[in-house]
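Chemist: Provided herewith: input_20.cif, mmCIF, C-alpha atoms and all ligand atoms.
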```cif
data_target
loop_
_atom_site.group_PDB
_atom_site.id
_atom_site.type_symbol
_atom_site.label_atom_id
_atom_site.label_comp_id
_atom_site.auth_asym_id
_atom_site.auth_seq_id
_atom_site.Cartn_x
_atom_site.Cartn_y
_atom_site.Cartn_z
ATOM 1 C CA MET A 1 -33.491 -5.709 11.962
ATOM 2 C CA ASN A 2 -30.431 -3.607 12.608
ATOM 3 C CA ARG A 3 -28.772 -3.002 9.254
ATOM 4 C CA THR A 4 -25.322 -3.743 10.563
ATOM 5 C CA ALA A 5 -26.270 -6.928 12.423
ATOM 6 C CA SER A 6 -25.229 -10.167 10.798
ATOM 7 C CA PRO A 7 -28.146 -12.449 9.940
ATOM 8 C CA THR A 8 -27.734 -15.397 12.251
ATOM 9 C CA TRP A 9 -29.708 -18.530 13.036
ATOM 10 C CA ARG A 10 -30.496 -18.669 16.746
ATOM 11 C CA SER A 11 -31.487 -21.543 18.990
ATOM 12 C CA ARG A 12 -34.918 -19.986 19.502
ATOM 13 C CA TYR A 13 -35.512 -20.642 15.777
ATOM 14 C CA ALA A 14 -35.155 -24.393 16.306
ATOM 15 C CA THR A 15 -38.168 -26.353 15.064
ATOM 16 C CA ASN A 16 -36.517 -29.606 16.181
ATOM 17 C CA ILE A 17 -37.107 -31.081 12.755
ATOM 18 C CA PRO A 18 -33.506 -31.643 11.635
ATOM 19 C CA SER A 19 -33.956 -31.182 7.875
ATOM 20 C CA ILE A 20 -35.923 -27.954 8.348
ATOM 21 C CA ASP A 21 -33.441 -26.548 10.861
ATOM 22 C CA ALA A 22 -30.531 -27.399 8.561
ATOM 23 C CA HIS A 23 -32.247 -25.555 5.694
ATOM 24 C CA HIS A 24 -32.924 -22.519 7.870
ATOM 25 C CA GLN A 25 -29.278 -22.436 8.918
ATOM 26 C CA GLY A 26 -28.314 -22.648 5.240
ATOM 27 C CA LEU A 27 -30.616 -19.748 4.385
ATOM 28 C CA PHE A 28 -29.032 -17.523 7.043
ATOM 29 C CA LYS A 29 -25.628 -18.522 5.737
ATOM 30 C CA ILE A 30 -26.560 -17.390 2.219
ATOM 31 C CA LEU A 31 -27.806 -14.094 3.651
ATOM 32 C CA ARG A 32 -24.404 -13.649 5.298
ATOM 33 C CA MET A 33 -22.773 -14.327 1.927
ATOM 34 C CA LEU A 34 -24.860 -11.460 0.543
ATOM 35 C CA VAL A 35 -23.782 -9.155 3.380
ATOM 36 C CA GLU A 36 -20.148 -10.008 2.727
ATOM 37 C CA ALA A 37 -20.478 -9.546 -1.014
ATOM 38 C CA THR A 38 -22.155 -6.167 -0.505
ATOM 39 C CA GLN A 39 -19.490 -5.026 1.957
ATOM 40 C CA LYS A 40 -16.723 -6.070 -0.401
ATOM 41 C CA GLY A 41 -18.434 -4.298 -3.274
ATOM 42 C CA GLN A 42 -18.601 -7.503 -5.288
ATOM 43 C CA SER A 43 -19.564 -7.365 -8.959
ATOM 44 C CA LYS A 44 -23.095 -7.596 -10.215
ATOM 45 C CA THR A 45 -22.299 -11.056 -11.573
ATOM 46 C CA GLU A 46 -21.158 -12.250 -8.155
ATOM 47 C CA MET A 47 -24.231 -10.788 -6.441
ATOM 48 C CA ASN A 48 -26.474 -12.403 -9.044
ATOM 49 C CA ALA A 49 -24.822 -15.770 -8.537
ATOM 50 C CA ILE A 50 -25.602 -15.590 -4.812
ATOM 51 C CA LEU A 51 -29.159 -14.429 -5.449
ATOM 52 C CA THR A 52 -29.729 -17.296 -7.879
ATOM 53 C CA PHE A 53 -28.302 -19.714 -5.310
ATOM 54 C CA LEU A 54 -30.681 -18.250 -2.717
ATOM 55 C CA GLU A 55 -33.619 -18.707 -5.086
ATOM 56 C CA LYS A 56 -32.740 -22.338 -5.716
ATOM 57 C CA TYR A 57 -32.072 -23.089 -2.068
ATOM 58 C CA THR A 58 -35.353 -21.439 -1.099
ATOM 59 C CA ARG A 59 -37.258 -23.513 -3.659
ATOM 60 C CA VAL A 60 -35.788 -26.752 -2.302
ATOM 61 C CA HIS A 61 -36.550 -25.670 1.261
ATOM 62 C CA PHE A 62 -40.159 -24.753 0.482
ATOM 63 C CA GLU A 63 -40.637 -28.061 -1.345
ATOM 64 C CA GLY A 64 -39.359 -29.816 1.766
ATOM 65 C CA GLU A 65 -41.890 -28.033 3.949
ATOM 66 C CA ASP A 66 -44.632 -28.707 1.363
ATOM 67 C CA ALA A 67 -43.870 -32.411 1.684
ATOM 68 C CA PHE A 68 -44.170 -32.211 5.482
ATOM 69 C CA MET A 69 -47.475 -30.348 5.122
ATOM 70 C CA ALA A 70 -48.831 -32.980 2.735
ATOM 71 C CA ARG A 71 -47.649 -35.975 4.774
ATOM 72 C CA SER A 72 -49.004 -34.607 8.050
ATOM 73 C CA GLY A 73 -52.252 -33.176 6.652
ATOM 74 C CA PHE A 74 -51.399 -29.700 7.934
ATOM 75 C CA PRO A 75 -54.592 -27.591 8.109
ATOM 76 C CA GLY A 76 -52.716 -24.300 7.592
ATOM 77 C CA ALA A 77 -51.057 -25.490 4.382
ATOM 78 C CA GLU A 78 -52.760 -23.048 2.056
ATOM 79 C CA ALA A 79 -51.836 -19.938 4.051
ATOM 80 C CA HIS A 80 -48.329 -21.249 4.640
ATOM 81 C CA THR A 81 -47.748 -21.912 0.944
ATOM 82 C CA LEU A 82 -49.015 -18.421 0.169
ATOM 83 C CA GLU A 83 -46.398 -16.960 2.533
ATOM 84 C CA HIS A 84 -43.712 -18.908 0.691
ATOM 85 C CA ALA A 85 -44.990 -17.597 -2.635
ATOM 86 C CA ARG A 86 -44.834 -14.042 -1.271
ATOM 87 C CA PHE A 87 -41.217 -14.516 -0.280
ATOM 88 C CA THR A 88 -40.345 -15.956 -3.685
ATOM 89 C CA ALA A 89 -42.026 -12.989 -5.394
ATOM 90 C CA GLN A 90 -40.303 -10.515 -3.089
ATOM 91 C CA LEU A 91 -36.919 -12.046 -3.814
ATOM 92 C CA ALA A 92 -37.565 -12.033 -7.564
ATOM 93 C CA ARG A 93 -38.596 -8.369 -7.411
ATOM 94 C CA LEU A 94 -35.488 -7.355 -5.468
ATOM 95 C CA LYS A 95 -33.288 -9.240 -7.906
ATOM 96 C CA GLU A 96 -34.960 -7.565 -10.851
ATOM 97 C CA ARG A 97 -34.554 -4.098 -9.316
ATOM 98 C CA PHE A 98 -30.924 -4.885 -8.566
ATOM 99 C CA ASN A 99 -30.350 -5.823 -12.183
ATOM 100 C CA GLN A 100 -32.029 -2.664 -13.356
ATOM 101 C CA GLY A 101 -29.355 -0.779 -11.424
ATOM 102 C CA ASP A 102 -31.414 0.328 -8.407
ATOM 103 C CA ASP A 103 -28.630 1.108 -5.955
ATOM 104 C CA ARG A 104 -30.953 1.034 -2.932
ATOM 105 C CA VAL A 105 -31.313 -2.741 -3.303
ATOM 106 C CA PRO A 106 -28.029 -3.833 -1.661
ATOM 107 C CA GLY A 107 -29.001 -1.906 1.484
ATOM 108 C CA GLU A 108 -32.547 -3.265 1.526
ATOM 109 C CA LEU A 109 -31.971 -6.829 0.483
ATOM 110 C CA VAL A 110 -30.601 -8.526 3.589
ATOM 111 C CA PRO A 111 -32.647 -6.608 6.213
ATOM 112 C CA THR A 112 -35.846 -7.334 4.259
ATOM 113 C CA LEU A 113 -35.158 -11.021 3.682
ATOM 114 C CA SER A 114 -33.794 -11.625 7.191
ATOM 115 C CA ALA A 115 -36.825 -10.033 8.820
ATOM 116 C CA TRP A 116 -39.171 -12.131 6.690
ATOM 117 C CA LEU A 117 -37.241 -15.309 7.426
ATOM 118 C CA ARG A 118 -37.109 -14.702 11.179
ATOM 119 C CA ASP A 119 -40.828 -13.860 11.434
ATOM 120 C CA HIS A 120 -41.839 -16.743 9.180
ATOM 121 C CA ILE A 121 -39.795 -19.266 11.168
ATOM 122 C CA LEU A 122 -41.049 -18.029 14.531
ATOM 123 C CA GLN A 123 -44.698 -18.090 13.488
ATOM 124 C CA GLN A 124 -45.555 -20.267 10.487
ATOM 125 C CA ASP A 125 -42.717 -22.791 10.608
ATOM 126 C CA MET A 126 -43.091 -23.268 14.364
ATOM 127 C CA ALA A 127 -46.807 -23.992 13.927
ATOM 128 C CA LEU A 128 -46.035 -26.452 11.136
ATOM 129 C CA ALA A 129 -43.308 -28.148 13.177
ATOM 130 C CA GLU A 130 -45.580 -28.559 16.162
ATOM 131 C CA HIS A 131 -48.183 -30.213 13.949
ATOM 132 C CA VAL A 132 -45.610 -32.460 12.261
ATOM 133 C CA ARG A 133 -44.128 -33.580 15.588
ATOM 134 C CA ALA A 134 -47.624 -34.452 16.837
ATOM 135 C CA LYS A 135 -48.723 -36.300 13.674
ATOM 136 C CA LEU A 136 -45.648 -37.997 12.277
ATOM 137 C CA PRO A 137 -43.524 -40.545 14.097
ATOM 138 C CA THR A 138 -39.986 -39.291 14.533
HETATM 139 FE FE FE B 201 -38.925 -22.657 6.624
HETATM 140 FE FE FE B 202 -42.264 -22.170 5.860
#
```
Before we go any further, please render this structure as structure tokens.
Ligand SMILES: [Fe+2]
Ligand SMILES: [Fe+2]

Modeler:
Amino acid sequence: MNRTASPTWRSRYATNIPSIDAHHQGLFKILRMLVEATQKGQSKTEMNAILTFLEKYTRVHFEGEDAFMARSGFPGAEAHTLEHARFTAQLARLKERFNQGDDRVPGELVPTLSAWLRDHILQQDMALAEHVRAKLPT
């Protein structure tokens, strides 16, 4: 991802499962909050507050997808959950490095997380959504 580009939800990311799409839009919005905070040179406390919010929001979102996987008997659930765990670990690591004063983190944070989110939505979440739409009545 271009470092200067704003992380934005696009219509090609639509899974057509309203709760999942709303969460994805929320995640991109939090990433934009991080971009803004970085550009404004916000304090460490402010950055941490946003990162903690992102962690919580991510947890709720992943739990939502877990519930869809369970209800629909999604065969790719294990691999999908592992991807979520990788993201959670990556976010925790970035936050830790940020708090240790690694000044490369603000530049890395949003491009890394945005790229993961985009790729995950386009591949894993799309596959899940297709399965859910086929198995569960809407
Ligand atoms: Fe997702
Ligand atoms: Fe997912």

Chemist: Can you tell me how far atom CA of A:Trp9 sits from atom CA of A:Pro137, in Å to one decimal?

Modeler: 26.0 Å

Chemist: A:Phe74: which residues within 10 Å, counting only C-alpha atoms, same-chain residues fewer than 6 positions away excluded, as a count of residues only?

Modeler: 9

Chemist: Can you work out which one of A:Val110, A:Leu117, A:Met33, A:Ala85 has the shortest atom-to-atom distance to ligand FE 201 (chain B), counting only C-alpha atoms and all ligand atoms?

Modeler: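 Among the listed residues, A:Leu117 lies closest to ligand FE 201 (chain B).
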
Chemist: May I have the residues within 9 Å of A:Ala14 as a list in words, using only C-alpha atoms and disregarding those fewer than 3 positions away in the same chain?

Modeler: Trp9, Arg10, Ser11, Ile17, Pro18, Ile20, Asp21, His24, Ile121, Leu122 and Met126 of chain A

Chemist: Fewer than 3 positions away in the same chain doesn't count, so skip those; otherwise give me all residues within 12 Å of stretch 95-104 of chain A, counting only C-alpha atoms, as a tab-separated table (two decimals) with C-alpha atoms, in the coordinates of the input.

Modeler:
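The result, written out as part.tsv:
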```
chain	number	residue	atom	x	y	z
A	38	THR	CA	-22.16	-6.17	-0.50
A	41	GLY	CA	-18.43	-4.30	-3.27
A	43	SER	CA	-19.56	-7.36	-8.96
A	44	LYS	CA	-23.10	-7.60	-10.22
A	45	THR	CA	-22.30	-11.06	-11.57
A	46	GLU	CA	-21.16	-12.25	-8.15
A	47	MET	CA	-24.23	-10.79	-6.44
A	48	ASN	CA	-26.47	-12.40	-9.04
A	49	ALA	CA	-24.82	-15.77	-8.54
A	50	ILE	CA	-25.60	-15.59	-4.81
A	51	LEU	CA	-29.16	-14.43	-5.45
A	52	THR	CA	-29.73	-17.30	-7.88
A	53	PHE	CA	-28.30	-19.71	-5.31
A	54	LEU	CA	-30.68	-18.25	-2.72
A	55	GLU	CA	-33.62	-18.71	-5.09
A	88	THR	CA	-40.34	-15.96	-3.68
A	89	ALA	CA	-42.03	-12.99	-5.39
A	90	GLN	CA	-40.30	-10.52	-3.09
A	91	LEU	CA	-36.92	-12.05	-3.81
A	92	ALA	CA	-37.56	-12.03	-7.56
A	107	GLY	CA	-29.00	-1.91	1.48
A	108	GLU	CA	-32.55	-3.26	1.53
A	109	LEU	CA	-31.97	-6.83	0.48
A	110	VAL	CA	-30.60	-8.53	3.59
A	113	LEU	CA	-35.16	-11.02	3.68
```

Chemist: Please measure the separation of atom CA of A:Ser114 and atom CA of A:Gln39, giving the value in Å to one decimal.

Modeler: 16.6 Å

Chemist: Can you tell me which residues sit at most 8 Å away from ligand FE 202 (chain B), counting all atoms listed in the file, written as a VMD selection string?

Modeler: chain A and resid 62 65 80 to 81 83 to 84 120 to 121 124 to 125 128

Chemist: Pick out the closest residue to ligand FE 201 (chain B) from this set: A:Leu31, A:Val60, A:Ala37, A:Leu94. Count all atoms listed in the file.

Modeler: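 Ranking A:Leu31, A:Val60, A:Ala37, A:Leu94 by distance to ligand FE 201 (chain B), first place goes to A:Val60.
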
Chemist: Closest to ligand FE 201 (chain B) among A:Arg12, A:Lys29, A:Lys40, A:His23, using all atoms listed in the file?

Modeler: A:His23

Chemist: Distance atom CA of A:Gln25-atom CA of A:Arg93, one decimal place?

Modeler: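 Between atom CA of A:Gln25 and atom CA of A:Arg93 the gap works out to 23.5 Å.
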
Chemist: Which residue out of A:Leu34, A:Leu136, A:Val105, A:Leu27 has the minimum interatomic distance to ligand FE 201 (chain B) when all atoms listed in the file are used?

Modeler: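 Under the stated criterion, the closest residue is A:Leu27.
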
Chemist: Nearest to ligand FE 201 (chain B) among A:Thr8, A:Thr112, A:Thr15, A:Gln42, with distances taken over all atoms listed in the file: which residue is it?

Modeler: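 Comparing A:Thr8, A:Thr112, A:Thr15, A:Gln42 against ligand FE 201 (chain B), the winner is A:Thr15.
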
Chemist: Closest to ligand FE 201 (chain B) among A:Glu78, A:Glu130, A:Glu63, A:Glu36, using all atoms listed in the file?

Modeler: A:Glu63
